[in-house]
Amino acid sequence: MIAPVRATRAPDAAPVRVSFEFFPPKTEEMEKTLWASIHRLAPLHPEFVSVTYGAGGSTRERTHATVARIAQETDLHPAAHLTCVGASRAEVDEVVKAYGAAGIRHIVALRGDPMAGPGTPYVPHPEGYAHACDLVAGIRALGDFEISVSAYPEKHPESASLDEDIGYLKEKVAAGASRAMTQFFFENDVYFRYLDKVRAKGIDIPIVPGILPVTNFKQAASFATRTGASVPAWLLKRFEGLDNDPETRKLIAAAVAAEQVMDLVDRGVTEIHFYTLNRADLVYAICHLLGLRPTAGEAAQAVAV
Ligand code: FAD
């Protein structure tokens, strides 16, 4: 018999806290999907929801508009991603000030990928912030923002070693970051080994695991190649032969993600960041397994809609 997936935490353990990442929509259709997902996930009371910033600042206005709408129309706490790519310090600072003026107090500060795409050399803007740690310091100087940053359990592709990479994380913390969300990973041991190394270097901020529920395996494998995340052979095997069978892929995806998340929780993780890809169904189901529920009133309202 297959053992049921279940958390073995003490019944009185604090509930798992979650956050959801979205990307700004390009079309009206995508906007509808995003908002349907936000409304579906909102009653799970995430710690925050974040909105990404397109490569080279390409979504500057759309990111701002999405974050501002979340702040105005929901009770959620939005966080705006921001990168240093292709912009001077003054331009980036203007974006930060605009968020401050709109009441947005949480920024996810990133360097961003090279203009020509991941894998090409990164050339900072001549008057820009060179690295994420410089951006963190810049934001810190502009006001009392909560600042989250990235972390890479399998190291960032541009870092020579994991130790060097953790050194850069330490610089971001020294500059004022108070939380890191990891790049997605599929082997939980990779995360826990990384966490041990990070703690051994004296970094004590939350290192929140970033979970990518995989429904489109080919797309996820291509993301993984670009980001330096490894795709284990067992995962490949689970999706084998399902290229033309999206329904079964979805069921497998739910099982894989549930297994990963419940194992993290069993091993002591209390905060999880979901890369939603603007889709709510899988993430909602996993959160349900984690024990997150809408209140009775919210559930009744959802049924009425
Ligand atoms: P950094 O932390 O600055 O590090 C990147 C590399 O720069 C390091 O590997 C190292 O080689 C070098 N480096 C860093 N600091 C120093 C230093 N002090 N001295 C010398 N070299 C240094 N991208 C987007 O475009 N938009 C997003 O919204 C976005 N959101 C993300 C959210 C999360 C949770 C994660 C994990 C990634 C996200 N990314 C996003 C991707 C990210 O922008 C890329 O991975 C990018 O290549 C690196 O950005 P970073 O902030 O991690 O860089």
# chains A, B, ... in the order shown; residues from 1 in each chain; ligands from 1
call {"tool": "select_by_dssp", "arguments": {"residues": "stretch 30-217 of chain A", "states": "strand (DSSP E)", "output": "JSON, numbers by chain"}}
result
{"A": [48, 49, 50, 51, 78, 79, 80, 81, 82, 83, 106, 107, 108, 109, 110, 146, 147, 148, 149, 150, 151, 179, 180, 181, 182, 207, 208, 210, 211]}
call {"tool": "residues_near_ligand", "arguments": {"ligand": "ligand 1", "cutoff": "8 Å", "atoms": "only C-alpha atoms and all ligand atoms", "output": "ChimeraX atom specification"}}
result
/A:23,51-57,81-83,85,108-114,118,130-134,149-152,155-160,164-165,168-169,171-172,180-184,210,227
call {"tool": "atom_distance", "arguments": {"atom1": "atom CA of A:Arg105", "atom2": "atom CA of A:Thr66"}}
result
14.8 Å
call {"tool": "atom_distance", "arguments": {"atom1": "atom CA of A:Ala175", "atom2": "atom CA of A:Pro78"}}
result
21.9 Å
call {"tool": "closest_residue", "arguments": {"among": "A:Glu127, A:Glu47, A:Glu187, A:Glu298", "to": "A:Ile272", "atoms": "only C-alpha atoms"}}
result
A:Glu47
call {"tool": "select_by_dssp", "arguments": {"residues": "stretch 123-229 of chain A", "states": "alpha helix (DSSP H)", "output": "count of residues only"}}
result
49
call {"tool": "closest_residue", "arguments": {"among": "A:Glu247, A:Val269, A:Leu282, A:Ala174", "to": "A:Pro15", "atoms": "only C-alpha atoms"}}
result
A:Val269
call {"tool": "closest_residue", "arguments": {"among": "A:Lys201, A:Lys250, A:Arg238, A:Lys218", "to": "A:Lys170", "atoms": "only C-alpha atoms"}}
result
A:Lys201
call {"tool": "closest_residue", "arguments": {"among": "A:Ala221, A:Ala71, A:Val265, A:Ala101", "to": "A:Gly291", "atoms": "only C-alpha atoms"}}
result
A:Val265
call {"tool": "residues_around", "arguments": {"residues": "A:Leu242", "least_positions_apart": "4", "cutoff": "12 Å", "atoms": "only C-alpha atoms", "output": "list in words"}}
result
Thr215, Asn216, Phe217, Lys218, Leu236, Lys237, Arg238, Pro246, Glu247, Thr248, Arg249, Lys250, Leu251, Ile252 and Ala253 of chain A
